[in-house]
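S.K.: Contents of input-v5.cif (mmCIF, N, CA and C atoms) are given next:
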```
data_work
#
loop_
_atom_site.label_atom_id
_atom_site.label_comp_id
_atom_site.auth_asym_id
_atom_site.auth_seq_id
_atom_site.Cartn_x
_atom_site.Cartn_y
_atom_site.Cartn_z
N GLU M 1 -47.29 -105.22 -23.22
CA GLU M 1 -47.13 -104.74 -21.86
C GLU M 1 -47.39 -103.24 -21.77
N ARG M 2 -46.84 -102.50 -22.73
CA ARG M 2 -47.03 -101.04 -22.69
C ARG M 2 -48.49 -100.66 -22.87
N ALA M 3 -49.20 -101.34 -23.77
CA ALA M 3 -50.61 -101.05 -23.99
C ALA M 3 -51.40 -101.28 -22.71
N GLU M 4 -51.11 -102.37 -22.03
CA GLU M 4 -51.81 -102.67 -20.78
C GLU M 4 -51.48 -101.63 -19.71
N ARG M 5 -50.20 -101.29 -19.60
CA ARG M 5 -49.76 -100.30 -18.61
C ARG M 5 -50.41 -98.94 -18.84
N ASP M 6 -50.58 -98.56 -20.11
CA ASP M 6 -51.15 -97.25 -20.45
C ASP M 6 -52.68 -97.27 -20.57
N GLY M 7 -53.29 -98.43 -20.33
CA GLY M 7 -54.75 -98.52 -20.38
C GLY M 7 -55.34 -98.45 -21.77
N VAL M 8 -54.59 -98.89 -22.78
CA VAL M 8 -55.06 -98.86 -24.16
C VAL M 8 -56.09 -99.96 -24.38
N LYS M 9 -57.23 -99.60 -24.94
CA LYS M 9 -58.31 -100.56 -25.19
C LYS M 9 -58.49 -100.87 -26.67
N PHE M 10 -57.96 -100.01 -27.55
CA PHE M 10 -58.08 -100.22 -28.99
C PHE M 10 -56.75 -99.93 -29.67
N LEU M 11 -56.42 -100.73 -30.69
CA LEU M 11 -55.18 -100.57 -31.43
C LEU M 11 -55.51 -100.39 -32.90
N ARG M 12 -55.00 -99.30 -33.48
CA ARG M 12 -55.20 -99.04 -34.91
C ARG M 12 -53.98 -99.54 -35.67
N LEU M 13 -54.21 -100.54 -36.52
CA LEU M 13 -53.17 -101.09 -37.38
C LEU M 13 -53.18 -100.25 -38.64
N GLN M 14 -52.17 -99.37 -38.79
CA GLN M 14 -52.18 -98.36 -39.84
C GLN M 14 -51.26 -98.74 -41.00
N PHE M 15 -51.70 -98.38 -42.20
CA PHE M 15 -50.91 -98.57 -43.42
C PHE M 15 -51.32 -97.52 -44.42
N THR M 16 -50.60 -97.38 -45.51
CA THR M 16 -50.98 -96.40 -46.53
C THR M 16 -51.33 -97.13 -47.82
N ASP M 17 -52.28 -96.55 -48.55
CA ASP M 17 -52.63 -97.11 -49.86
C ASP M 17 -51.62 -96.62 -50.89
N ILE M 18 -51.82 -96.98 -52.15
CA ILE M 18 -50.83 -96.62 -53.17
C ILE M 18 -50.76 -95.12 -53.45
N LEU M 19 -51.75 -94.37 -52.99
CA LEU M 19 -51.75 -92.92 -53.16
C LEU M 19 -51.20 -92.20 -51.93
N GLY M 20 -50.81 -92.96 -50.90
CA GLY M 20 -50.25 -92.37 -49.69
C GLY M 20 -51.28 -91.99 -48.64
N VAL M 21 -52.53 -92.39 -48.84
CA VAL M 21 -53.59 -92.10 -47.88
C VAL M 21 -53.54 -93.13 -46.76
N THR M 22 -53.56 -92.66 -45.52
CA THR M 22 -53.51 -93.55 -44.37
C THR M 22 -54.83 -94.29 -44.21
N LYS M 23 -54.73 -95.59 -44.05
CA LYS M 23 -55.88 -96.46 -43.78
C LYS M 23 -55.59 -97.17 -42.46
N ASN M 24 -56.62 -97.72 -41.82
CA ASN M 24 -56.36 -98.48 -40.61
C ASN M 24 -57.45 -99.50 -40.35
N VAL M 25 -57.07 -100.52 -39.62
CA VAL M 25 -57.99 -101.53 -39.10
C VAL M 25 -57.84 -101.46 -37.59
N GLU M 26 -58.95 -101.26 -36.89
CA GLU M 26 -58.88 -101.13 -35.44
C GLU M 26 -59.33 -102.43 -34.77
N VAL M 27 -58.54 -102.87 -33.79
CA VAL M 27 -58.87 -104.09 -33.06
C VAL M 27 -58.98 -103.78 -31.57
N PRO M 28 -59.85 -104.52 -30.85
CA PRO M 28 -59.98 -104.34 -29.40
C PRO M 28 -58.84 -105.04 -28.66
N ASP M 29 -58.68 -104.73 -27.39
CA ASP M 29 -57.57 -105.27 -26.60
C ASP M 29 -57.53 -106.79 -26.56
N ARG M 30 -58.64 -107.46 -26.68
CA ARG M 30 -58.62 -108.93 -26.65
C ARG M 30 -57.95 -109.52 -27.90
N GLN M 31 -57.71 -108.72 -28.94
CA GLN M 31 -57.05 -109.19 -30.16
C GLN M 31 -55.63 -108.64 -30.31
N PHE M 32 -55.09 -107.99 -29.29
CA PHE M 32 -53.75 -107.39 -29.41
C PHE M 32 -52.69 -108.44 -29.72
N ALA M 33 -52.69 -109.58 -29.04
CA ALA M 33 -51.66 -110.60 -29.27
C ALA M 33 -51.70 -111.08 -30.71
N GLU M 34 -52.89 -111.34 -31.22
CA GLU M 34 -53.05 -111.78 -32.60
C GLU M 34 -52.55 -110.69 -33.56
N ALA M 35 -52.90 -109.44 -33.29
CA ALA M 35 -52.50 -108.33 -34.15
C ALA M 35 -50.98 -108.16 -34.16
N LEU M 36 -50.36 -108.20 -32.99
CA LEU M 36 -48.91 -108.00 -32.90
C LEU M 36 -48.13 -109.17 -33.49
N ALA M 37 -48.77 -110.33 -33.59
CA ALA M 37 -48.14 -111.49 -34.23
C ALA M 37 -48.30 -111.46 -35.75
N GLY M 38 -48.99 -110.45 -36.26
CA GLY M 38 -49.16 -110.32 -37.71
C GLY M 38 -50.22 -111.25 -38.27
N ALA M 39 -51.19 -111.64 -37.44
CA ALA M 39 -52.21 -112.60 -37.86
C ALA M 39 -53.54 -111.95 -38.23
N VAL M 40 -53.59 -110.63 -38.32
CA VAL M 40 -54.85 -109.95 -38.69
C VAL M 40 -54.91 -109.82 -40.21
N LEU M 41 -56.00 -110.30 -40.77
CA LEU M 41 -56.25 -110.22 -42.21
C LEU M 41 -57.17 -109.05 -42.53
N PHE M 42 -57.03 -108.51 -43.74
CA PHE M 42 -58.01 -107.55 -44.23
C PHE M 42 -58.22 -107.83 -45.71
N ASP M 43 -59.30 -107.29 -46.25
CA ASP M 43 -59.66 -107.50 -47.65
C ASP M 43 -58.93 -106.47 -48.51
N GLY M 44 -57.83 -106.89 -49.11
CA GLY M 44 -57.03 -105.99 -49.93
C GLY M 44 -57.74 -105.50 -51.17
N SER M 45 -58.76 -106.23 -51.64
CA SER M 45 -59.48 -105.79 -52.83
C SER M 45 -60.37 -104.58 -52.53
N SER M 46 -60.58 -104.29 -51.25
CA SER M 46 -61.39 -103.12 -50.89
C SER M 46 -60.57 -101.83 -50.93
N ILE M 47 -59.26 -101.95 -51.08
CA ILE M 47 -58.37 -100.79 -51.17
C ILE M 47 -57.98 -100.61 -52.63
N GLU M 48 -58.35 -99.49 -53.21
CA GLU M 48 -58.11 -99.26 -54.62
C GLU M 48 -56.63 -99.43 -54.99
N GLY M 49 -56.39 -100.27 -56.00
CA GLY M 49 -55.04 -100.47 -56.51
C GLY M 49 -54.24 -101.54 -55.81
N PHE M 50 -54.78 -102.19 -54.78
CA PHE M 50 -54.01 -103.20 -54.04
C PHE M 50 -53.99 -104.53 -54.78
N VAL M 51 -55.09 -105.26 -54.80
CA VAL M 51 -55.14 -106.58 -55.42
C VAL M 51 -56.51 -106.84 -56.02
N ARG M 52 -56.57 -107.89 -56.84
CA ARG M 52 -57.85 -108.32 -57.40
C ARG M 52 -58.62 -109.11 -56.35
N ILE M 53 -59.88 -109.30 -56.58
CA ILE M 53 -60.76 -109.99 -55.63
C ILE M 53 -60.26 -111.40 -55.32
N GLU M 54 -59.66 -112.09 -56.30
CA GLU M 54 -59.18 -113.45 -56.10
C GLU M 54 -57.98 -113.51 -55.16
N GLU M 55 -57.31 -112.40 -54.96
CA GLU M 55 -56.09 -112.35 -54.14
C GLU M 55 -56.31 -111.46 -52.92
N SER M 56 -57.54 -111.37 -52.46
CA SER M 56 -57.90 -110.30 -51.54
C SER M 56 -57.39 -110.42 -50.11
N ASP M 57 -57.16 -111.62 -49.58
CA ASP M 57 -56.72 -111.75 -48.18
C ASP M 57 -55.27 -111.29 -48.02
N MET M 58 -55.08 -110.26 -47.19
CA MET M 58 -53.75 -109.71 -46.95
C MET M 58 -53.54 -109.56 -45.44
N TYR M 59 -52.30 -109.72 -45.01
CA TYR M 59 -51.95 -109.62 -43.59
C TYR M 59 -51.37 -108.26 -43.26
N LEU M 60 -51.64 -107.79 -42.04
CA LEU M 60 -51.02 -106.58 -41.52
C LEU M 60 -49.89 -107.01 -40.58
N LYS M 61 -48.66 -106.64 -40.92
CA LYS M 61 -47.48 -107.00 -40.13
C LYS M 61 -46.97 -105.75 -39.42
N PRO M 62 -47.24 -105.60 -38.11
CA PRO M 62 -46.87 -104.38 -37.39
C PRO M 62 -45.37 -104.21 -37.18
N ASP M 63 -44.93 -102.97 -37.24
CA ASP M 63 -43.56 -102.59 -36.89
C ASP M 63 -43.62 -102.10 -35.44
N LEU M 64 -43.16 -102.93 -34.51
CA LEU M 64 -43.31 -102.64 -33.08
C LEU M 64 -42.65 -101.34 -32.66
N ASP M 65 -41.64 -100.88 -33.40
CA ASP M 65 -40.97 -99.63 -33.06
C ASP M 65 -41.86 -98.41 -33.29
N THR M 66 -42.97 -98.57 -33.99
CA THR M 66 -43.83 -97.43 -34.30
C THR M 66 -45.03 -97.32 -33.36
N PHE M 67 -45.13 -98.18 -32.35
CA PHE M 67 -46.25 -98.13 -31.40
C PHE M 67 -46.31 -96.78 -30.72
N GLN M 68 -47.50 -96.20 -30.68
CA GLN M 68 -47.67 -94.88 -30.06
C GLN M 68 -49.07 -94.74 -29.51
N VAL M 69 -49.18 -94.33 -28.25
CA VAL M 69 -50.49 -94.04 -27.67
C VAL M 69 -50.94 -92.70 -28.24
N LEU M 70 -52.13 -92.68 -28.82
CA LEU M 70 -52.64 -91.47 -29.46
C LEU M 70 -53.14 -90.48 -28.41
N PRO M 71 -53.05 -89.18 -28.70
CA PRO M 71 -53.37 -88.15 -27.69
C PRO M 71 -54.86 -87.87 -27.52
N TRP M 72 -55.71 -88.84 -27.81
CA TRP M 72 -57.14 -88.66 -27.59
C TRP M 72 -57.74 -89.99 -27.15
N ARG M 73 -58.97 -89.94 -26.75
CA ARG M 73 -59.70 -91.13 -26.32
C ARG M 73 -60.93 -91.31 -27.21
N ASP M 74 -61.47 -92.52 -27.24
CA ASP M 74 -62.68 -92.73 -28.03
C ASP M 74 -63.90 -92.17 -27.29
N GLN M 75 -65.07 -92.37 -27.83
CA GLN M 75 -66.30 -91.79 -27.26
C GLN M 75 -66.58 -92.28 -25.85
N SER M 76 -66.13 -93.50 -25.52
CA SER M 76 -66.38 -94.04 -24.18
C SER M 76 -65.28 -93.66 -23.20
N GLY M 77 -64.24 -92.96 -23.67
CA GLY M 77 -63.13 -92.56 -22.81
C GLY M 77 -61.95 -93.52 -22.84
N ALA M 78 -62.03 -94.58 -23.65
CA ALA M 78 -60.94 -95.56 -23.74
C ALA M 78 -59.76 -94.99 -24.53
N ARG M 79 -58.56 -95.37 -24.12
CA ARG M 79 -57.36 -94.92 -24.83
C ARG M 79 -57.16 -95.75 -26.09
N VAL M 80 -56.57 -95.11 -27.10
CA VAL M 80 -56.35 -95.71 -28.40
C VAL M 80 -54.87 -95.56 -28.74
N ALA M 81 -54.29 -96.60 -29.34
CA ALA M 81 -52.89 -96.55 -29.80
C ALA M 81 -52.85 -96.86 -31.28
N GLY M 82 -51.78 -96.46 -31.92
CA GLY M 82 -51.59 -96.76 -33.33
C GLY M 82 -50.25 -97.43 -33.54
N ILE M 83 -50.17 -98.22 -34.59
CA ILE M 83 -48.92 -98.87 -34.96
C ILE M 83 -48.90 -98.98 -36.48
N THR M 84 -47.77 -98.67 -37.09
CA THR M 84 -47.63 -98.74 -38.54
C THR M 84 -47.34 -100.18 -38.95
N CYS M 85 -48.00 -100.59 -40.04
CA CYS M 85 -47.88 -101.97 -40.49
C CYS M 85 -47.39 -102.06 -41.93
N ASP M 86 -46.69 -103.14 -42.22
CA ASP M 86 -46.40 -103.55 -43.58
C ASP M 86 -47.53 -104.45 -44.03
N ILE M 87 -47.67 -104.62 -45.34
CA ILE M 87 -48.70 -105.49 -45.90
C ILE M 87 -48.01 -106.72 -46.48
N ALA M 88 -48.60 -107.89 -46.23
CA ALA M 88 -48.05 -109.15 -46.75
C ALA M 88 -49.19 -110.01 -47.31
N ASN M 89 -48.84 -110.82 -48.30
CA ASN M 89 -49.82 -111.77 -48.86
C ASN M 89 -49.87 -113.01 -48.01
#
```
If you took the structure in this file and wrote it as structure tokens, what would it be?
M.R.:
Amino acid sequence: ERAERDGVKFLRLQFTDILGVTKNVEVPDRQFAEALAGAVLFDGSSIEGFVRIEESDMYLKPDLDTFQVLPWRDQSGARVAGITCDIAN
């Protein structure tokens, strides 16, 4: 509801790698429900130190309390929000 009210068009699902570097997967507004339900997968083997290629599918589980509209817009002028996620197998 807040994303819609604030005109957010993209959501960055943020997490940190084992070295503390922030990584993110960005989804468009049509995937917000899926993302907030923790149903977005990413390839964990592409992040150094996460998992082997055989175990690569990992889920991003958002912490709804960390939702924040970012203070800038993308190149087209759309608003962007970020949310911190836990990682799950």
S.K.: Here's a test: counting only C-alpha atoms, identify every protein, DNA and RNA residue with an atom at most 12 Å from (-50.0, -86.3, -26.3) in the file's coordinate frame, and state them as an NGL selection string.
M.R.: :M and (68-73 or 79-81)
S.K.: So which bits of chain M end up helix (DSSP H, G or I) when you DSSP the backbone, as a list in words?
M.R.: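 Taking chain M and keeping helix (DSSP H, G or I) gives Arg2, Ala3, Glu4, Arg5, Asp29, Arg30, Gln31, Phe32, Ala33, Glu34, Ala35, Leu36, Gly44, Ser45, Ser46, Ile53, Glu54, Glu55, Leu64, Asp65 and Thr66 of chain M.
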S.K.: Work out how far apart atom N of Lys23 in chain M and atom N of Leu64 in chain M are and give it in Å to one decimal.
M.R.: 16.7 Å
S.K.: Assign secondary structure with DSSP using the backbone only, and return the residues of chain M in strand (DSSP E) as a VMD selection string.
M.R.: chain M and resid 8 to 16 22 to 28 40 to 43 57 to 62 68 to 73 79 to 88
S.K.: Provide an axis-aligned box for all listed atoms of range 2-6 of chain M, padding each side by 6 Å; report its centre and its edge lengths in Å to one decimal, as JSON.
M.R.:
```
{"center_x": -49.8, "center_y": -100.0, "center_z": -21.3, "size_x": 17.8, "size_y": 17.4, "size_z": 17.4}
```
S.K.: Within 5 Å of range 57-61 of chain M, counting only N, CA and C atoms, which residues show up once you throw out same-chain ones fewer than 2 positions away? Write them as JSON, numbers by chain, please.
M.R.: {"M": [38, 40, 41, 42, 44, 55, 63, 85, 86, 87, 88, 89]}
S.K.: Nearest to Gly82 in chain M among M:Val25, M:Leu13, M:Val8, M:Ile18, with distances taken over only C-alpha atoms: which residue is it?
M.R.: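 Of the candidates, the smallest distance to Gly82 in chain M is held by M:Leu13.
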